[in-house]
file upload00.cif (mmCIF, C-alpha atoms)
data_run
loop_
_atom_site.group_PDB
_atom_site.id
_atom_site.type_symbol
_atom_site.label_atom_id
_atom_site.label_comp_id
_atom_site.auth_asym_id
_atom_site.auth_seq_id
_atom_site.Cartn_x
_atom_site.Cartn_y
_atom_site.Cartn_z
ATOM 1 C CA MET A 100 108.176 144.345 130.785
ATOM 2 C CA THR A 101 105.986 143.333 127.830
ATOM 3 C CA SER A 102 105.989 145.905 125.037
ATOM 4 C CA GLU A 103 102.808 147.081 123.335
ATOM 5 C CA ALA A 104 103.914 145.332 120.130
ATOM 6 C CA ASP A 105 104.484 142.057 121.982
ATOM 7 C CA ALA A 106 101.083 142.281 123.626
ATOM 8 C CA THR A 107 99.325 142.486 120.270
ATOM 9 C CA THR A 108 101.319 139.737 118.564
ATOM 10 C CA PRO A 109 99.145 136.593 118.276
ATOM 11 C CA THR A 110 100.448 133.487 119.982
ATOM 12 C CA PRO A 111 101.415 130.967 117.295
ATOM 13 C CA LEU A 112 99.297 127.862 116.966
ATOM 14 C CA VAL A 113 101.444 124.759 117.378
ATOM 15 C CA ILE A 114 100.867 122.160 114.665
ATOM 16 C CA GLY A 115 102.038 118.581 115.078
ATOM 17 C CA SER A 116 102.970 116.398 112.122
ATOM 18 C CA VAL A 117 104.849 113.159 111.491
ATOM 19 C CA ALA A 118 108.237 113.322 109.777
ATOM 20 C CA TYR A 119 107.734 110.493 107.275
ATOM 21 C CA THR A 120 110.045 111.998 104.638
ATOM 22 C CA PRO A 121 112.787 114.672 104.722
ATOM 23 C CA ASN A 122 110.750 117.170 102.680
ATOM 24 C CA VAL A 123 108.242 117.416 105.548
ATOM 25 C CA VAL A 124 110.623 119.998 107.051
ATOM 26 C CA THR A 125 110.541 122.023 103.827
ATOM 27 C CA ILE A 126 106.724 121.859 103.727
ATOM 28 C CA TRP A 127 106.264 123.043 107.294
ATOM 29 C CA GLU A 128 108.871 125.769 107.073
ATOM 30 C CA GLY A 129 107.023 127.022 104.002
ATOM 31 C CA LEU A 130 103.684 126.902 105.811
ATOM 32 C CA ARG A 131 105.187 128.693 108.802
ATOM 33 C CA ASP A 132 106.431 131.458 106.499
ATOM 34 C CA TYR A 133 103.039 131.700 104.826
ATOM 35 C CA PHE A 134 101.066 131.897 108.070
ATOM 36 C CA SER A 135 103.435 134.513 109.471
ATOM 37 C CA THR A 136 101.859 136.945 106.982
ATOM 38 C CA THR A 137 98.223 136.105 107.735
ATOM 39 C CA GLY A 138 97.673 137.151 111.353
ATOM 40 C CA THR A 139 97.419 133.478 112.383
ATOM 41 C CA PRO A 140 101.074 132.486 112.918
ATOM 42 C CA ILE A 141 102.092 128.898 113.534
ATOM 43 C CA ASP A 142 105.004 126.871 114.696
ATOM 44 C CA PHE A 143 105.375 123.122 114.199
ATOM 45 C CA VAL A 144 106.608 120.036 116.020
ATOM 46 C CA LEU A 145 107.603 116.878 114.155
ATOM 47 C CA TYR A 146 107.051 113.393 115.561
ATOM 48 C CA SER A 147 108.454 110.022 114.581
ATOM 49 C CA ASN A 148 105.084 108.256 114.670
ATOM 50 C CA TYR A 149 101.335 108.901 114.796
ATOM 51 C CA GLY A 150 100.837 107.293 118.180
ATOM 52 C CA ARG A 151 103.017 109.951 119.784
ATOM 53 C CA LEU A 152 101.339 112.702 117.763
ATOM 54 C CA VAL A 153 97.842 111.667 118.839
ATOM 55 C CA ASP A 154 98.945 111.397 122.479
ATOM 56 C CA SER A 155 100.384 114.915 122.273
ATOM 57 C CA LEU A 156 97.224 116.358 120.760
ATOM 58 C CA VAL A 157 95.001 114.767 123.412
ATOM 59 C CA ALA A 158 97.361 115.965 126.162
ATOM 60 C CA GLY A 159 97.287 119.535 124.821
ATOM 61 C CA HIS A 160 100.951 119.676 123.816
ATOM 62 C CA VAL A 161 99.978 120.754 120.299
ATOM 63 C CA ASP A 162 96.949 122.746 119.168
ATOM 64 C CA ILE A 163 96.337 120.922 115.887
ATOM 65 C CA ALA A 164 97.522 117.567 114.534
ATOM 66 C CA TRP A 165 97.966 116.702 110.867
ATOM 67 C CA ASN A 166 96.484 113.225 111.113
ATOM 68 C CA THR A 167 96.078 110.270 108.810
ATOM 69 C CA ASN A 168 92.610 108.737 108.682
ATOM 70 C CA LEU A 169 93.597 106.075 111.224
ATOM 71 C CA ALA A 170 95.087 108.735 113.519
ATOM 72 C CA TYR A 171 91.831 110.680 113.255
ATOM 73 C CA VAL A 172 89.754 107.576 114.042
ATOM 74 C CA ARG A 173 91.947 106.868 117.055
ATOM 75 C CA THR A 174 91.690 110.453 118.249
ATOM 76 C CA VAL A 175 87.901 110.185 118.076
ATOM 77 C CA ALA A 176 88.076 106.951 120.083
ATOM 78 C CA GLN A 177 90.383 108.395 122.734
ATOM 79 C CA THR A 178 88.296 111.553 123.166
ATOM 80 C CA ASP A 179 84.800 110.025 122.960
ATOM 81 C CA GLY A 180 84.245 112.105 119.836
ATOM 82 C CA ALA A 181 85.174 115.441 121.430
ATOM 83 C CA CYS A 182 87.852 116.225 118.828
ATOM 84 C CA ARG A 183 86.975 117.866 115.542
ATOM 85 C CA ALA A 184 88.293 117.712 112.009
ATOM 86 C CA LEU A 185 89.188 121.107 110.542
ATOM 87 C CA ALA A 186 90.426 120.723 106.976
ATOM 88 C CA SER A 187 91.775 118.249 104.455
ATOM 89 C CA ARG A 188 93.489 118.239 101.086
ATOM 90 C CA ASP A 189 91.277 117.943 98.021
ATOM 91 C CA THR A 190 93.074 114.663 97.313
ATOM 92 C CA ASP A 191 92.121 113.330 100.755
ATOM 93 C CA LEU A 192 88.430 113.224 99.837
ATOM 94 C CA VAL A 193 88.927 110.885 96.882
ATOM 95 C CA PHE A 194 91.395 108.377 98.300
ATOM 96 C CA ARG A 195 91.039 104.751 97.181
ATOM 97 C CA THR A 196 92.623 101.341 97.612
ATOM 98 C CA VAL A 197 93.765 99.434 94.537
ATOM 99 C CA PHE A 198 94.401 95.704 94.143
ATOM 100 C CA VAL A 199 97.162 94.992 91.635
ATOM 101 C CA SER A 200 98.590 91.849 90.062
ATOM 102 C CA ARG A 201 101.357 90.988 87.658
ATOM 103 C CA ALA A 202 100.527 92.343 84.211
ATOM 104 C CA GLY A 203 98.672 89.755 82.148
ATOM 105 C CA ALA A 204 97.481 87.715 85.142
ATOM 106 C CA GLY A 205 93.894 88.111 83.966
ATOM 107 C CA TYR A 206 92.352 88.838 87.360
ATOM 108 C CA ASP A 207 89.032 90.677 87.305
ATOM 109 C CA GLY A 208 87.314 92.129 90.359
ATOM 110 C CA ILE A 209 87.718 91.673 94.078
ATOM 111 C CA GLY A 210 86.556 88.051 93.861
ATOM 112 C CA ALA A 211 89.774 87.187 92.045
ATOM 113 C CA THR A 212 91.561 87.274 95.405
ATOM 114 C CA ARG A 213 89.689 84.186 96.595
ATOM 115 C CA GLY A 214 92.139 81.331 97.099
ATOM 116 C CA ARG A 215 95.113 83.520 96.249
ATOM 117 C CA ARG A 216 97.994 85.210 98.080
ATOM 118 C CA LEU A 217 97.396 88.916 98.819
ATOM 119 C CA ALA A 218 100.263 91.093 100.040
ATOM 120 C CA LEU A 219 99.180 93.755 102.538
ATOM 121 C CA GLY A 220 101.134 96.775 103.696
ATOM 122 C CA SER A 221 101.930 97.820 107.257
ATOM 123 C CA ARG A 222 99.307 96.778 109.795
ATOM 124 C CA ASP A 223 98.642 100.447 110.635
ATOM 125 C CA SER A 224 98.091 101.469 106.996
ATOM 126 C CA ALA A 225 94.406 102.098 106.384
ATOM 127 C CA GLN A 226 94.769 101.980 102.603
ATOM 128 C CA ALA A 227 97.042 98.958 102.329
ATOM 129 C CA ALA A 228 96.006 96.704 105.222
ATOM 130 C CA ILE A 229 92.982 97.653 107.332
ATOM 131 C CA LEU A 230 90.526 98.687 104.623
ATOM 132 C CA PRO A 231 91.530 95.913 102.168
ATOM 133 C CA VAL A 232 90.534 93.261 104.717
ATOM 134 C CA HIS A 233 87.310 95.178 105.366
ATOM 135 C CA TYR A 234 86.467 95.314 101.663
ATOM 136 C CA LEU A 235 87.102 91.585 101.266
ATOM 137 C CA ARG A 236 84.735 90.813 104.121
ATOM 138 C CA GLU A 237 82.138 93.168 102.675
ATOM 139 C CA ALA A 238 82.394 91.227 99.420
ATOM 140 C CA GLY A 239 81.718 87.956 101.259
ATOM 141 C CA ILE A 240 85.311 86.748 101.138
ATOM 142 C CA PRO A 241 86.339 85.589 104.635
ATOM 143 C CA ASP A 242 89.905 85.846 105.854
ATOM 144 C CA ASP A 243 90.501 82.094 105.578
ATOM 145 C CA GLU A 244 89.833 82.161 101.839
ATOM 146 C CA VAL A 245 92.741 84.519 101.175
ATOM 147 C CA GLU A 246 96.357 83.929 102.162
ATOM 148 C CA PHE A 247 97.633 87.220 103.536
ATOM 149 C CA LEU A 248 101.285 88.184 103.276
ATOM 150 C CA ARG A 249 101.666 91.027 105.764
ATOM 151 C CA ILE A 250 104.592 93.380 105.234
ATOM 152 C CA ASP A 251 105.129 95.578 108.283
ATOM 153 C CA SER A 252 107.510 98.209 106.972
ATOM 154 C CA ASP A 253 107.656 101.567 108.771
ATOM 155 C CA VAL A 254 105.018 100.745 111.386
ATOM 156 C CA GLY A 255 104.021 103.931 113.188
ATOM 157 C CA LYS A 256 103.770 106.058 110.067
ATOM 158 C CA HIS A 257 100.415 104.644 108.881
ATOM 159 C CA GLY A 258 101.689 103.873 105.411
ATOM 160 C CA ASP A 259 102.789 107.467 104.714
ATOM 161 C CA THR A 260 106.216 106.474 103.443
ATOM 162 C CA GLY A 261 104.757 104.053 100.869
ATOM 163 C CA ARG A 262 107.573 101.627 101.642
ATOM 164 C CA SER A 263 105.319 98.734 102.618
ATOM 165 C CA GLU A 264 103.274 99.172 99.441
ATOM 166 C CA LEU A 265 106.419 99.076 97.319
ATOM 167 C CA ASP A 266 107.473 95.950 99.227
ATOM 168 C CA ALA A 267 104.041 94.411 98.606
ATOM 169 C CA MET A 268 104.313 95.060 94.867
ATOM 170 C CA ARG A 269 107.811 93.616 94.861
ATOM 171 C CA ALA A 270 106.412 90.481 96.511
ATOM 172 C CA VAL A 271 104.063 90.083 93.528
ATOM 173 C CA LEU A 272 106.910 90.448 91.046
ATOM 174 C CA ASP A 273 109.008 87.982 93.077
ATOM 175 C CA ASP A 274 106.092 85.478 93.062
ATOM 176 C CA ARG A 275 105.713 85.562 96.836
ATOM 177 C CA ALA A 276 102.191 86.923 96.346
ATOM 178 C CA ASP A 277 99.605 86.899 93.570
ATOM 179 C CA ALA A 278 98.284 90.393 94.276
ATOM 180 C CA ALA A 279 98.963 93.419 96.440
ATOM 181 C CA ALA A 280 96.790 96.042 98.141
ATOM 182 C CA ILE A 281 98.118 99.586 97.704
ATOM 183 C CA GLY A 282 96.900 103.170 97.952
ATOM 184 C CA ILE A 283 95.844 105.183 94.927
ATOM 185 C CA ASN A 284 98.868 107.502 95.248
ATOM 186 C CA THR A 285 101.241 104.575 94.924
ATOM 187 C CA TRP A 286 99.287 103.176 91.991
ATOM 188 C CA GLU A 287 99.369 106.525 90.216
ATOM 189 C CA SER A 288 103.161 106.584 90.597
ATOM 190 C CA VAL A 289 103.227 103.181 88.874
ATOM 191 C CA ALA A 290 100.939 104.453 86.116
ATOM 192 C CA ARG A 291 103.242 107.454 85.592
ATOM 193 C CA GLY A 292 106.164 105.096 85.208
ATOM 194 C CA ASP A 293 107.904 106.313 88.360
ATOM 195 C CA VAL A 294 108.261 102.730 89.665
ATOM 196 C CA MET A 295 107.818 99.228 88.195
ATOM 197 C CA ALA A 296 106.527 100.624 84.909
ATOM 198 C CA GLY A 297 104.408 98.137 82.938
ATOM 199 C CA ALA A 298 105.009 95.288 85.350
ATOM 200 C CA LEU A 299 101.680 95.463 87.178
ATOM 201 C CA GLU A 300 98.016 96.034 86.412
ATOM 202 C CA ALA A 301 95.050 97.026 88.558
ATOM 203 C CA PHE A 302 92.117 94.619 88.752
ATOM 204 C CA TRP A 303 89.956 96.220 91.459
ATOM 205 C CA THR A 304 89.570 99.709 92.903
ATOM 206 C CA SER A 305 87.682 100.555 96.099
ATOM 207 C CA PRO A 306 85.062 103.246 96.572
ATOM 208 C CA GLU A 307 86.395 106.668 97.550
ATOM 209 C CA TYR A 308 87.083 107.398 101.215
ATOM 210 C CA SER A 309 88.671 110.161 103.282
ATOM 211 C CA HIS A 310 92.319 110.202 104.258
ATOM 212 C CA CYS A 311 94.220 112.928 106.156
ATOM 213 C CA THR A 312 92.687 115.773 108.143
ATOM 214 C CA PHE A 313 93.803 118.470 110.549
ATOM 215 C CA THR A 314 92.388 117.579 113.959
ATOM 216 C CA ALA A 315 91.885 119.784 117.019
ATOM 217 C CA MET A 316 90.627 119.414 120.567
ATOM 218 C CA PRO A 317 87.818 121.475 122.165
ATOM 219 C CA ALA A 318 90.452 123.551 123.988
ATOM 220 C CA LEU A 319 91.193 125.327 120.697
ATOM 221 C CA ALA A 320 88.814 128.289 120.628
ATOM 222 C CA ASP A 321 86.429 128.360 117.685
ATOM 223 C CA ASP A 322 87.489 131.840 116.571
ATOM 224 C CA ARG A 323 91.164 130.873 116.445
ATOM 225 C CA ALA A 324 90.427 127.641 114.600
ATOM 226 C CA GLU A 325 88.128 129.341 112.090
ATOM 227 C CA ALA A 326 90.598 132.144 111.365
ATOM 228 C CA TRP A 327 93.419 129.665 110.815
ATOM 229 C CA VAL A 328 91.319 127.424 108.562
ATOM 230 C CA ALA A 329 90.198 130.439 106.513
ATOM 231 C CA ASN A 330 93.823 131.395 105.897
ATOM 232 C CA LEU A 331 94.757 127.799 105.105
ATOM 233 C CA MET A 332 92.023 127.603 102.480
ATOM 234 C CA ALA A 333 93.082 130.961 101.060
ATOM 235 C CA MET A 334 96.212 129.352 99.603
ATOM 236 C CA GLU A 335 95.933 129.491 95.814
ATOM 237 C CA TRP A 336 97.341 127.095 93.221
ATOM 238 C CA ASP A 337 97.826 129.953 90.759
ATOM 239 C CA ARG A 338 100.177 131.805 93.111
ATOM 240 C CA PRO A 339 103.701 130.374 92.630
ATOM 241 C CA GLU A 340 104.718 130.921 96.246
ATOM 242 C CA HIS A 341 101.694 128.897 97.376
ATOM 243 C CA ARG A 342 101.922 126.254 94.647
ATOM 244 C CA GLU A 343 105.393 125.197 95.725
ATOM 245 C CA ILE A 344 104.033 124.151 99.125
ATOM 246 C CA LEU A 345 100.806 122.681 97.753
ATOM 247 C CA GLU A 346 102.681 120.519 95.252
ATOM 248 C CA LEU A 347 104.990 119.145 97.931
ATOM 249 C CA GLU A 348 101.987 118.259 100.099
ATOM 250 C CA GLY A 349 100.147 116.663 97.171
ATOM 251 C CA LEU A 350 97.108 118.909 96.674
ATOM 252 C CA ARG A 351 95.701 121.744 94.637
ATOM 253 C CA ALA A 352 93.395 123.162 97.317
ATOM 254 C CA TRP A 353 92.595 122.818 101.022
ATOM 255 C CA VAL A 354 88.950 121.878 101.585
ATOM 256 C CA PRO A 355 86.507 121.092 104.417
ATOM 257 C CA PRO A 356 86.779 117.463 105.584
ATOM 258 C CA ASN A 357 84.250 114.854 104.486
ATOM 259 C CA LEU A 358 83.427 113.056 107.728
ATOM 260 C CA ASP A 359 81.204 110.512 105.967
ATOM 261 C CA GLY A 360 84.346 109.325 104.203
ATOM 262 C CA TYR A 361 85.671 107.841 107.462
ATOM 263 C CA ALA A 362 82.671 105.530 108.011
ATOM 264 C CA GLY A 363 84.329 102.529 106.377
ATOM 265 C CA LEU A 364 87.460 102.879 108.471
ATOM 266 C CA PHE A 365 85.484 103.253 111.704
ATOM 267 C CA ALA A 366 83.693 100.024 110.791
ATOM 268 C CA ALA A 367 86.940 98.261 109.847
ATOM 269 C CA VAL A 368 88.672 99.268 113.076
ATOM 270 C CA ALA A 369 85.721 97.983 115.114
ATOM 271 C CA GLU A 370 85.344 94.669 113.285
ATOM 272 C CA GLN A 371 89.075 93.931 113.311
ATOM 273 C CA GLY A 372 89.485 94.803 116.986
ATOM 274 C CA ILE A 373 92.126 97.441 116.308
ATOM 275 C CA PRO A 374 92.826 99.265 119.596
ATOM 276 C CA ALA A 375 92.609 103.003 120.071
ATOM 277 C CA ARG A 376 96.325 103.073 120.940
ATOM 278 C CA TRP A 377 99.282 100.923 119.804
#
call {"tool": "encode", "arguments": {"input": "upload00.cif", "output": "structure tokens"}}
result
Amino acid sequence: MTSEADATTPTPLVIGSVAYTPNVVTIWEGLRDYFSTTGTPIDFVLYSNYGRLVDSLVAGHVDIAWNTNLAYVRTVAQTDGACRALASRDTDLVFRTVFVSRAGAGYDGIGATRGRRLALGSRDSAQAAILPVHYLREAGIPDDEVEFLRIDSDVGKHGDTGRSELDAMRAVLDDRADAAAIGINTWESVARGDVMAGALEAFWTSPEYSHCTFTAMPALADDRAEAWVANLMAMEWDRPEHREILELEGLRAWVPPNLDGYAGLFAAVAEQGIPARW
């Protein structure tokens, strides 16, 4: 028999995420604890790759998916646009791609890649592979005027681990490439001196675009989604118990998604013939 207390306890929303680093478990356990106090409880399921996560969201196995920009674009493609983006990190709205070279190389601007070797990250990394090729084409630099060195490390995780970007930068230092395409987060770690301090310099930075977003299907009722998003955005940087989680996830505040920021990736996926599923 169901007790009165059980009958009034909200059913947890199930959130799917990819386990690209061990601290993902810490992040989601912290979020689960936080949401247990808000009236919108959650549980979470971790996946080894974004293809499986997107399949699970579309099939209704999870209520919400924490998607990269490519995972979001693929979810839109697989659902004929029926899915919806719910929320992003503040840092997701100002994501950029950076082209770097060995310090002192003297490169200036995207045109400097013409006739040179450019190391790209994993083929499913928007920031380090898909968008860089798109930006080159936009600048009037066809593929046959750049020699691409493709480094497919950690395929399936959409560049989240940063491993392929580190490998691309190493290729520059080892003189296997003249330049590398990396995400702004990786470049900022270089600028902080966390890796390869002083060895590289940036010579071109892309316009801002959108990165990760929580994605849901129409089966998630609007009132449940709105209540959960409101509690997500209620997390405050100035509260130590919230900041610990926010810092681990790389943000200061949760914000509404900027859908216009995905336009470049939609265009890149279409022009490069990248399928909706891999």
call {"tool": "residues_around", "arguments": {"input": "upload00.cif", "residues": "range 153-162 of chain A", "least_positions_apart": "4", "cutoff": "9 Å", "atoms": "all atoms listed in the file", "output": "list in words"}}
result
Leu112, Val113, Ile114, Gly115, Phe143, Val144, Tyr149, Asn166, Ala170, Tyr171, Arg173, Thr174, Gln177, Thr178, Cys182, Thr314, Ala315, Met316, Ala318, Leu319 and Arg376 of chain A
call {"tool": "closest_residue", "arguments": {"input": "upload00.cif", "among": "A:Asn330, A:Thr139, A:Asn168, A:Ser252", "to": "Ala267 in chain A", "atoms": "only C-alpha atoms"}}
result
A:Ser252
call {"tool": "atom_distance", "arguments": {"input": "upload00.cif", "atom1": "CA of Asp189 in chain A", "atom2": "CA of Trp353 in chain A"}}
result
5.9 Å
call {"tool": "resolve_selection", "arguments": {"input": "upload00.cif", "expression": "the PyMOL selection byres ((chain A and resi 233-242) around 12)", "output": "ChimeraX atom specification"}}
result
/A:195-198,208-217,225-232,243-248,280,303-306,362-372
call {"tool": "atom_distance", "arguments": {"input": "upload00.cif", "atom1": "CA of Pro140 in chain A", "atom2": "CA of Leu192 in chain A"}}
result
26.5 Å
call {"tool": "resolve_selection", "arguments": {"input": "upload00.cif", "expression": "the PyMOL selection byres ((chain A and resi 300) around 12)", "output": "MDAnalysis selection string"}}
result
chainID A and resid 197:207 268 271:272 277:281 286:287 289:290 295:299 301:304
call {"tool": "atom_distance", "arguments": {"input": "upload00.cif", "atom1": "CA of Asn357 in chain A", "atom2": "CA of Asp179 in chain A"}}
result
19.1 Å
call {"tool": "residues_around", "arguments": {"input": "upload00.cif", "residues": "Gly255 in chain A", "least_positions_apart": "3", "cutoff": "12 Å", "atoms": "all atoms listed in the file", "output": "VMD selection string"}}
result
chain A and resid 117 to 119 146 to 153 167 169 to 170 221 to 225 251 to 252 258 to 260 263 376 to 377
call {"tool": "closest_residue", "arguments": {"input": "upload00.cif", "among": "A:Ala176, A:Leu350, A:Ile163, A:Leu145", "to": "Pro374 in chain A", "atoms": "all atoms listed in the file"}}
result
A:Ala176
